[in-house]
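model_39.cif, holding mmCIF, C-alpha atoms:
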```
data_start
loop_
_atom_site.label_atom_id
_atom_site.label_comp_id
_atom_site.auth_asym_id
_atom_site.auth_seq_id
_atom_site.Cartn_x
_atom_site.Cartn_y
_atom_site.Cartn_z
CA MET A 1 9.26 -5.77 17.27
CA ARG A 2 7.70 -2.30 17.51
CA LYS A 3 9.56 -0.84 14.54
CA LYS A 4 9.00 -3.90 12.38
CA LEU A 5 5.31 -3.11 12.32
CA LEU A 6 5.99 -0.10 10.12
CA LEU A 7 7.36 -2.12 7.24
CA SER A 8 5.90 -2.27 3.78
CA ILE A 9 2.47 -0.60 4.00
CA ALA A 10 3.61 1.87 6.64
CA LEU A 11 6.85 2.69 4.89
CA ALA A 12 5.12 3.00 1.54
CA GLY A 13 2.36 5.10 3.08
CA ILE A 14 4.74 7.48 4.84
CA VAL A 15 6.87 7.87 1.73
CA SER A 16 3.78 8.54 -0.38
CA VAL A 17 2.68 11.25 2.00
CA VAL A 18 6.16 12.79 1.95
CA SER A 19 6.13 12.79 -1.85
CA ALA A 20 2.61 14.22 -2.05
CA CYS A 21 3.27 16.98 0.44
CA GLY A 22 5.36 18.86 -2.09
CA THR A 23 2.33 19.91 -4.18
CA PRO A 24 -0.88 19.15 -2.30
CA GLU A 25 -2.87 21.98 -3.81
CA SER A 26 -1.81 21.54 -7.41
CA GLY A 27 -2.27 17.78 -7.18
CA SER A 28 -5.82 17.98 -5.92
CA GLU A 29 -6.77 20.69 -8.41
CA SER A 30 -5.46 18.85 -11.43
CA GLY A 31 -7.17 15.67 -10.30
CA SER A 32 -10.53 17.33 -9.87
CA GLU A 33 -10.31 19.15 -13.20
CA SER A 34 -9.44 16.02 -15.15
CA SER A 35 -12.34 14.07 -13.69
CA GLN A 36 -14.99 16.73 -14.35
CA SER A 37 -16.81 17.60 -17.53
CA PRO A 38 -17.79 21.23 -18.29
CA ALA A 39 -21.39 20.37 -17.47
CA ASN A 40 -20.72 19.47 -13.84
CA GLU A 41 -17.85 21.83 -13.00
CA SER A 42 -20.08 24.20 -11.07
CA ALA A 43 -21.62 21.41 -9.01
CA ALA A 44 -18.35 19.71 -8.11
CA PRO A 45 -17.27 22.00 -5.23
CA ASP A 46 -20.59 21.40 -3.45
CA ALA A 47 -20.35 17.66 -4.05
CA ALA A 48 -16.86 17.28 -2.62
CA PRO A 49 -16.98 16.37 1.09
CA GLU A 50 -15.15 18.46 3.64
CA VAL A 51 -12.04 16.58 4.71
CA ALA A 52 -11.70 16.32 8.48
CA ASP A 53 -8.49 15.70 10.37
CA PRO A 54 -7.63 12.08 11.21
CA ASP A 55 -9.52 11.05 14.34
CA LEU A 56 -6.94 9.70 16.78
CA GLU A 57 -8.94 10.31 19.94
CA GLY A 58 -9.19 7.36 22.29
CA VAL A 59 -6.50 5.22 20.66
CA PRO A 60 -5.16 2.97 23.45
CA ASP A 61 -1.46 2.69 24.28
CA VAL A 62 -1.52 -0.93 23.09
CA VAL A 63 -3.78 -1.17 20.07
CA ALA A 64 -3.41 -4.94 19.62
CA LEU A 65 -1.46 -7.98 20.78
CA VAL A 66 -0.28 -10.52 18.21
CA ASN A 67 1.13 -13.67 19.77
CA GLY A 68 2.41 -11.51 22.61
CA SER A 69 3.91 -8.78 20.39
CA GLU A 70 2.42 -5.34 20.89
CA ILE A 71 1.11 -3.01 18.23
CA LEU A 72 1.63 0.31 19.98
CA LYS A 73 -0.31 3.53 19.74
CA ALA A 74 2.54 5.48 18.12
CA ASP A 75 2.93 2.88 15.37
CA PHE A 76 -0.79 2.70 14.72
CA GLU A 77 -1.08 6.47 14.53
CA SER A 78 1.79 6.68 12.03
CA VAL A 79 0.23 4.07 9.75
CA TYR A 80 -3.33 5.34 10.17
CA THR A 81 -2.37 8.94 9.41
CA ALA A 82 -0.63 7.85 6.21
CA GLN A 83 -3.63 5.73 5.20
CA TYR A 84 -6.01 8.55 6.02
CA GLU A 85 -4.09 11.04 3.89
CA GLN A 86 -4.50 8.75 0.89
CA ALA A 87 -8.16 8.04 1.68
CA ALA A 88 -8.84 11.79 1.98
CA ILE A 89 -7.47 12.38 -1.53
CA GLN A 90 -9.70 9.60 -2.88
CA SER A 91 -12.62 11.09 -0.95
CA GLN A 92 -12.24 14.43 -2.66
CA MET A 93 -12.20 12.72 -6.04
CA SER A 94 -15.14 10.39 -5.38
CA GLY A 95 -17.32 12.74 -3.34
CA GLU A 96 -17.71 10.13 -0.57
CA ALA A 97 -16.65 10.97 2.98
CA VAL A 98 -13.99 8.82 4.66
CA ASP A 99 -15.43 6.29 7.10
CA GLN A 100 -12.76 6.61 9.77
CA ASP A 101 -14.09 3.76 11.91
CA GLU A 102 -13.87 1.40 8.95
CA LEU A 103 -10.44 2.74 8.03
CA LYS A 104 -9.18 2.19 11.57
CA THR A 105 -10.37 -1.40 11.45
CA GLN A 106 -8.69 -1.95 8.08
CA THR A 107 -5.50 -0.35 9.38
CA VAL A 108 -5.20 -2.46 12.52
CA GLU A 109 -6.10 -5.62 10.60
CA GLY A 110 -3.42 -4.79 8.05
CA MET A 111 -0.87 -4.25 10.82
CA ILE A 112 -1.85 -7.56 12.42
CA GLY A 113 -1.39 -9.31 9.09
CA THR A 114 1.98 -7.66 8.62
CA GLU A 115 3.11 -8.70 12.09
CA LEU A 116 2.04 -12.28 11.45
CA LEU A 117 4.10 -12.31 8.25
CA VAL A 118 7.09 -10.82 10.07
CA GLN A 119 6.83 -13.50 12.74
CA GLU A 120 6.51 -16.27 10.16
CA ALA A 121 9.54 -15.00 8.25
CA GLY A 122 11.48 -15.11 11.50
CA GLU A 123 10.26 -18.62 12.26
CA ARG A 124 11.49 -19.80 8.87
CA GLY A 125 14.86 -18.17 9.36
CA LEU A 126 14.68 -16.11 6.17
CA GLU A 127 17.58 -13.69 5.69
CA ALA A 128 17.98 -10.53 3.63
CA SER A 129 21.18 -10.09 1.64
CA ASP A 130 22.82 -6.70 1.26
CA GLU A 131 22.09 -6.86 -2.47
CA ALA A 132 18.39 -7.47 -1.87
CA ILE A 133 18.17 -4.61 0.64
CA THR A 134 19.91 -2.24 -1.77
CA ALA A 135 17.56 -3.30 -4.56
CA ALA A 136 14.53 -2.67 -2.32
CA LEU A 137 15.88 0.76 -1.41
CA ASP A 138 16.52 1.64 -5.07
CA GLU A 139 12.99 0.55 -5.96
CA LEU A 140 11.46 2.80 -3.28
CA VAL A 141 13.63 5.72 -4.36
CA ALA A 142 12.49 5.31 -7.97
CA ALA A 143 8.84 4.68 -7.07
CA ASN A 144 8.68 7.92 -5.10
CA GLN A 145 10.51 9.90 -7.78
CA LEU A 146 13.39 10.81 -5.53
CA GLY A 147 16.87 11.47 -6.84
CA SER A 148 18.89 9.31 -4.49
CA ALA A 149 18.91 7.16 -1.38
CA ASP A 150 20.08 10.22 0.56
CA GLU A 151 16.91 12.07 -0.45
CA PHE A 152 14.87 9.07 0.62
CA TYR A 153 16.52 8.95 4.05
CA ALA A 154 16.14 12.71 4.42
CA ALA A 155 12.42 12.55 3.59
CA LEU A 156 11.84 9.88 6.21
CA ALA A 157 14.03 11.71 8.72
CA GLU A 158 11.49 14.51 8.56
CA GLN A 159 8.96 11.94 9.73
CA GLY A 160 11.13 11.04 12.70
CA MET A 161 12.71 7.89 11.24
CA ASP A 162 16.51 7.70 11.29
CA GLU A 163 18.58 5.76 8.76
CA ALA A 164 19.10 2.78 11.06
CA THR A 165 15.36 2.41 11.58
CA VAL A 166 14.68 2.63 7.85
CA ASN A 167 17.33 0.02 7.10
CA ASP A 168 15.88 -2.28 9.75
CA GLN A 169 12.48 -1.95 8.11
CA LEU A 170 13.93 -2.58 4.67
CA THR A 171 15.58 -5.75 5.98
CA THR A 172 12.30 -6.97 7.39
CA GLN A 173 10.46 -6.02 4.22
CA VAL A 174 12.86 -8.08 2.12
CA GLN A 175 12.41 -11.06 4.45
CA VAL A 176 8.63 -10.81 4.18
CA GLU A 177 8.84 -10.50 0.39
CA GLN A 178 10.93 -13.67 0.34
CA LEU A 179 8.29 -15.37 2.46
CA ILE A 180 5.53 -14.34 0.07
CA GLN A 181 7.53 -15.44 -2.97
CA GLU A 182 8.15 -18.77 -1.27
CA GLU A 183 4.42 -19.18 -0.69
CA ALA A 184 3.41 -17.99 -4.17
CA GLY A 185 5.83 -20.25 -6.05
CA ASP A 186 6.06 -19.70 -9.81
CA THR A 187 4.05 -16.56 -10.53
CA ALA A 188 4.92 -16.23 -14.22
CA PRO A 189 1.60 -15.81 -16.06
CA SER A 190 0.70 -18.06 -18.97
CA GLU A 191 -0.07 -16.70 -22.41
CA GLU A 192 -3.73 -17.53 -21.81
CA GLU A 193 -3.76 -15.50 -18.59
CA LEU A 194 -2.12 -12.57 -20.32
CA THR A 195 -4.59 -12.68 -23.18
CA ALA A 196 -7.54 -12.83 -20.79
CA ALA A 197 -6.20 -9.89 -18.78
CA TYR A 198 -5.67 -7.88 -21.96
CA ASP A 199 -9.17 -8.63 -23.23
CA GLU A 200 -10.58 -7.55 -19.87
CA ALA A 201 -8.61 -4.30 -20.01
CA VAL A 202 -9.88 -3.58 -23.51
CA ALA A 203 -13.49 -4.27 -22.47
CA GLN A 204 -13.16 -1.99 -19.44
CA GLN A 205 -11.69 0.80 -21.54
CA GLU A 206 -14.47 0.48 -24.10
CA GLU A 207 -17.03 0.75 -21.30
CA GLN A 208 -15.32 3.85 -19.94
CA ASN A 209 -15.20 5.36 -23.42
CA ALA A 210 -18.93 4.78 -23.83
CA GLN A 211 -19.62 6.54 -20.55
CA SER A 212 -17.25 9.46 -21.09
CA GLY A 213 -17.64 9.94 -24.82
CA GLU A 214 -13.87 9.82 -25.25
CA GLU A 215 -11.87 7.53 -27.50
CA THR A 216 -8.98 6.32 -25.38
CA GLU A 217 -7.35 3.19 -26.76
CA VAL A 218 -5.53 0.40 -24.93
CA PRO A 219 -1.98 -0.11 -26.30
CA PRO A 220 -1.42 -3.15 -28.54
CA PHE A 221 -1.04 -6.47 -26.75
CA GLU A 222 2.73 -6.77 -27.20
CA GLU A 223 3.24 -3.24 -25.92
CA ALA A 224 0.99 -3.82 -22.91
CA LYS A 225 2.39 -7.29 -22.18
CA PRO A 226 5.20 -6.30 -19.74
CA ALA A 227 2.80 -4.30 -17.57
CA LEU A 228 0.26 -7.13 -17.67
CA GLU A 229 2.93 -9.60 -16.58
CA GLU A 230 3.82 -7.48 -13.56
CA GLN A 231 0.15 -6.99 -12.74
CA LEU A 232 -0.63 -10.71 -12.81
CA LYS A 233 2.50 -11.58 -10.81
CA SER A 234 1.50 -9.02 -8.20
CA GLN A 235 -2.02 -10.43 -8.04
CA LYS A 236 -0.71 -13.95 -7.47
CA GLU A 237 1.66 -12.77 -4.75
CA SER A 238 -1.12 -10.79 -3.08
CA ALA A 239 -3.38 -13.83 -3.14
CA ALA A 240 -0.61 -15.97 -1.62
CA ALA A 241 0.02 -13.40 1.11
CA GLU A 242 -3.69 -13.13 1.89
CA SER A 243 -4.02 -16.90 2.08
CA LEU A 244 -0.99 -17.18 4.37
CA VAL A 245 -2.23 -14.42 6.67
CA THR A 246 -5.62 -16.10 6.90
CA SER A 247 -3.96 -19.38 7.84
CA LEU A 248 -1.65 -17.77 10.38
CA ARG A 249 -4.51 -15.77 11.89
CA GLU A 250 -6.49 -18.93 12.58
CA GLU A 251 -3.70 -20.22 14.81
CA ALA A 252 -2.64 -16.87 16.27
CA ASP A 253 -3.45 -15.36 19.63
CA VAL A 254 -4.73 -11.90 18.69
CA THR A 255 -6.32 -9.27 20.91
CA ILE A 256 -7.57 -5.95 19.51
CA ASN A 257 -8.10 -3.11 21.98
CA LEU A 258 -9.21 -0.47 19.51
#
```

Whole structure, structure tokens version:
Amino acid sequence: MRKKLLLSIALAGIVSVVSACGTPESGSESGSESSQSPANESAAPDAAPEVADPDLEGVPDVVALVNGSEILKADFESVYTAQYEQAAIQSQMSGEAVDQDELKTQTVEGMIGTELLVQEAGERGLEASDEAITAALDELVAANQLGSADEFYAALAEQGMDEATVNDQLTTQVQVEQLIQEEAGDTAPSEEELTAAYDEAVAQQEEQNAQSGEETEVPPFEEAKPALEEQLKSQKESAAAESLVTSLREEADVTINL
């Protein structure tokens, strides 16, 4: 059960860190330049908070128990470090320091939720086909702008994860995705939902334009429609997952030692 806890958010987080590590300096510089106007360029360096190292002091060997399954220190540290790396980048952009205590709480709660979903998928006997696992792998390879599955495995090997471990996580991820899809049911958005989402996007862009003085336009509805469909499907699946985790948590025996 230990390795299963790294699925989804952990795997995505680790891969994101691996991908970002290639150009950390250029990435942060381009981000800060694009978000600053000439008027506040000189003030920006003083406004940006100093990024500390992730605080892993005092993390217990068993961070939490979920229906008897342990969330271990090593797993928590892997996930937390990945989450912290992303939060640190956002911190530099926003000028707000990372609240590590809050981030630790969010991390362990996320891992508990993941473990509850893993357990529920097992209880329902959901299985992952080879085709579904391959599709999940291909999606991660593309999402992280890697050239092949071999590059993906090599990147994670540098993080101490061998191919068998990655494949085990992918299997579990597919099972959990099936569980969420089962809970969410038909997630295809209606035309009314798409129109409302588009109108909201246009209004938000107009507000941003008014604040920035720029004239960025939202693509026409038909052009934006595929992205809106994916966005709304994702929102419905996220809501279903959140609802299921809440329900499972009410009946679960959970102990947090953090």

Problem - For atom CA of Glu251 of chain A and atom CA of Glu123 of chain A, the interatomic separation in Å (one decimal) - result: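 Those two atoms sit 14.3 Å apart.
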
Practice task
Kindly indicate which residue among A:Thr246, A:Gln208, A:Thr195, A:Ser148 lies nearest to Ala224 of chain A, using all atoms listed in the file for the distances.
Solution key: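 Ranking A:Thr246, A:Gln208, A:Thr195, A:Ser148 by distance to Ala224 of chain A, first place goes to A:Thr195.
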
On this structure, the PyMOL selection byres ((chain A and resi 74) around 12) would catch which residues? List them as an mmCIF file with C-alpha atoms, keeping the file's coordinate frame, sorted by chain and number.
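Below is the file part-v4.cif, written as the result:
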```cif
data_model
loop_
_atom_site.group_PDB
_atom_site.id
_atom_site.type_symbol
_atom_site.label_atom_id
_atom_site.label_comp_id
_atom_site.auth_asym_id
_atom_site.auth_seq_id
_atom_site.Cartn_x
_atom_site.Cartn_y
_atom_site.Cartn_z
ATOM 1 C CA ARG A 2 7.700 -2.300 17.510
ATOM 2 C CA LYS A 3 9.560 -0.840 14.540
ATOM 3 C CA LEU A 5 5.310 -3.110 12.320
ATOM 4 C CA LEU A 6 5.990 -0.100 10.120
ATOM 5 C CA LEU A 56 -6.940 9.700 16.780
ATOM 6 C CA VAL A 59 -6.500 5.220 20.660
ATOM 7 C CA PRO A 60 -5.160 2.970 23.450
ATOM 8 C CA ASP A 61 -1.460 2.690 24.280
ATOM 9 C CA VAL A 62 -1.520 -0.930 23.090
ATOM 10 C CA VAL A 63 -3.780 -1.170 20.070
ATOM 11 C CA GLU A 70 2.420 -5.340 20.890
ATOM 12 C CA ILE A 71 1.110 -3.010 18.230
ATOM 13 C CA LEU A 72 1.630 0.310 19.980
ATOM 14 C CA LYS A 73 -0.310 3.530 19.740
ATOM 15 C CA ASP A 75 2.930 2.880 15.370
ATOM 16 C CA PHE A 76 -0.790 2.700 14.720
ATOM 17 C CA GLU A 77 -1.080 6.470 14.530
ATOM 18 C CA SER A 78 1.790 6.680 12.030
ATOM 19 C CA VAL A 79 0.230 4.070 9.750
ATOM 20 C CA TYR A 80 -3.330 5.340 10.170
ATOM 21 C CA THR A 81 -2.370 8.940 9.410
ATOM 22 C CA GLY A 160 11.130 11.040 12.700
#
```

Non-local contacts of segment 235-237 of chain A (10 Å; only C-alpha atoms; under 6 positions in same chain excluded) as a PDB file with C-alpha atoms, keeping the file's coordinate frame:
```
ATOM      1  CA  GLU A 177       8.840 -10.500   0.390  1.00  0.00           C
ATOM      2  CA  ILE A 180       5.530 -14.340   0.070  1.00  0.00           C
ATOM      3  CA  GLN A 181       7.530 -15.440  -2.970  1.00  0.00           C
ATOM      4  CA  GLU A 182       8.150 -18.770  -1.270  1.00  0.00           C
ATOM      5  CA  GLU A 183       4.420 -19.180  -0.690  1.00  0.00           C
ATOM      6  CA  ALA A 184       3.410 -17.990  -4.170  1.00  0.00           C
ATOM      7  CA  GLY A 185       5.830 -20.250  -6.050  1.00  0.00           C
ATOM      8  CA  ASP A 186       6.060 -19.700  -9.810  1.00  0.00           C
ATOM      9  CA  THR A 187       4.050 -16.560 -10.530  1.00  0.00           C
ATOM     10  CA  ALA A 188       4.920 -16.230 -14.220  1.00  0.00           C
ATOM     11  CA  PRO A 189       1.600 -15.810 -16.060  1.00  0.00           C
ATOM     12  CA  GLU A 229       2.930  -9.600 -16.580  1.00  0.00           C
ATOM     13  CA  SER A 243      -4.020 -16.900   2.080  1.00  0.00           C
TER      14      SER A 243
END
```

Handout entry: Contacts of Leu244 of chain A within 10 Å, only C-alpha atoms, excl. fewer than 3 positions in-chain, as a PyMOL selection string
Key = chain A and resi 113+116-117+120+179-180+183-184+238-241+247-249

Practice task
Between atom CA of Glu85 of chain A and atom CA of Asp53 of chain A, measure the distance and give it in Å to one decimal.
Solution key: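 Result for atom CA of Glu85 of chain A versus atom CA of Asp53 of chain A: 9.1 Å, one decimal.
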
Problem - Point-to-point distance from atom CA of Gln119 of chain A to atom CA of Thr165 of chain A, Å rounded to tenths - result: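 Between atom CA of Gln119 of chain A and atom CA of Thr165 of chain A the gap is 18.1 Å.
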
Exercise for the section: Show which residues sit within 12 Å of segment 125-142 of chain A, as a PyMOL selection string. Count all atoms listed in the file, and ignore same-chain residues fewer than 2 positions away. Expected result: chain A and resi 7-8+11-16+19+117-123+144-156+163+166-182

Generate the output file for the selected residues, C-alpha atoms, as a compact mmCIF listing (two decimals), in the coordinates of the input.
```txt
# COMPACT_ATOMS: atom_id res chain seq x y z
CA LEU A 7 7.36 -2.12 7.24
CA SER A 8 5.90 -2.27 3.78
CA LEU A 11 6.85 2.69 4.89
CA ALA A 12 5.12 3.00 1.54
CA GLY A 13 2.36 5.10 3.08
CA ILE A 14 4.74 7.48 4.84
CA VAL A 15 6.87 7.87 1.73
CA SER A 16 3.78 8.54 -0.38
CA SER A 19 6.13 12.79 -1.85
CA LEU A 117 4.10 -12.31 8.25
CA VAL A 118 7.09 -10.82 10.07
CA GLN A 119 6.83 -13.50 12.74
CA GLU A 120 6.51 -16.27 10.16
CA ALA A 121 9.54 -15.00 8.25
CA GLY A 122 11.48 -15.11 11.50
CA GLU A 123 10.26 -18.62 12.26
CA ASN A 144 8.68 7.92 -5.10
CA GLN A 145 10.51 9.90 -7.78
CA LEU A 146 13.39 10.81 -5.53
CA GLY A 147 16.87 11.47 -6.84
CA SER A 148 18.89 9.31 -4.49
CA ALA A 149 18.91 7.16 -1.38
CA ASP A 150 20.08 10.22 0.56
CA GLU A 151 16.91 12.07 -0.45
CA PHE A 152 14.87 9.07 0.62
CA TYR A 153 16.52 8.95 4.05
CA ALA A 154 16.14 12.71 4.42
CA ALA A 155 12.42 12.55 3.59
CA LEU A 156 11.84 9.88 6.21
CA GLU A 163 18.58 5.76 8.76
CA VAL A 166 14.68 2.63 7.85
CA ASN A 167 17.33 0.02 7.10
CA ASP A 168 15.88 -2.28 9.75
CA GLN A 169 12.48 -1.95 8.11
CA LEU A 170 13.93 -2.58 4.67
CA THR A 171 15.58 -5.75 5.98
CA THR A 172 12.30 -6.97 7.39
CA GLN A 173 10.46 -6.02 4.22
CA VAL A 174 12.86 -8.08 2.12
CA GLN A 175 12.41 -11.06 4.45
CA VAL A 176 8.63 -10.81 4.18
CA GLU A 177 8.84 -10.50 0.39
CA GLN A 178 10.93 -13.67 0.34
CA LEU A 179 8.29 -15.37 2.46
CA ILE A 180 5.53 -14.34 0.07
CA GLN A 181 7.53 -15.44 -2.97
CA GLU A 182 8.15 -18.77 -1.27
```

Practice task
Would you list the contacts of Asp99 of chain A as an NGL selection string, taking every protein, DNA or RNA residue within 12 Å and counting only C-alpha atoms, but skipping same-chain residues closer than 4 positions in sequence?
Solution key: :A and (49 or 51-52 or 54-55 or 83-84 or 87-88 or 90-91 or 103-106)
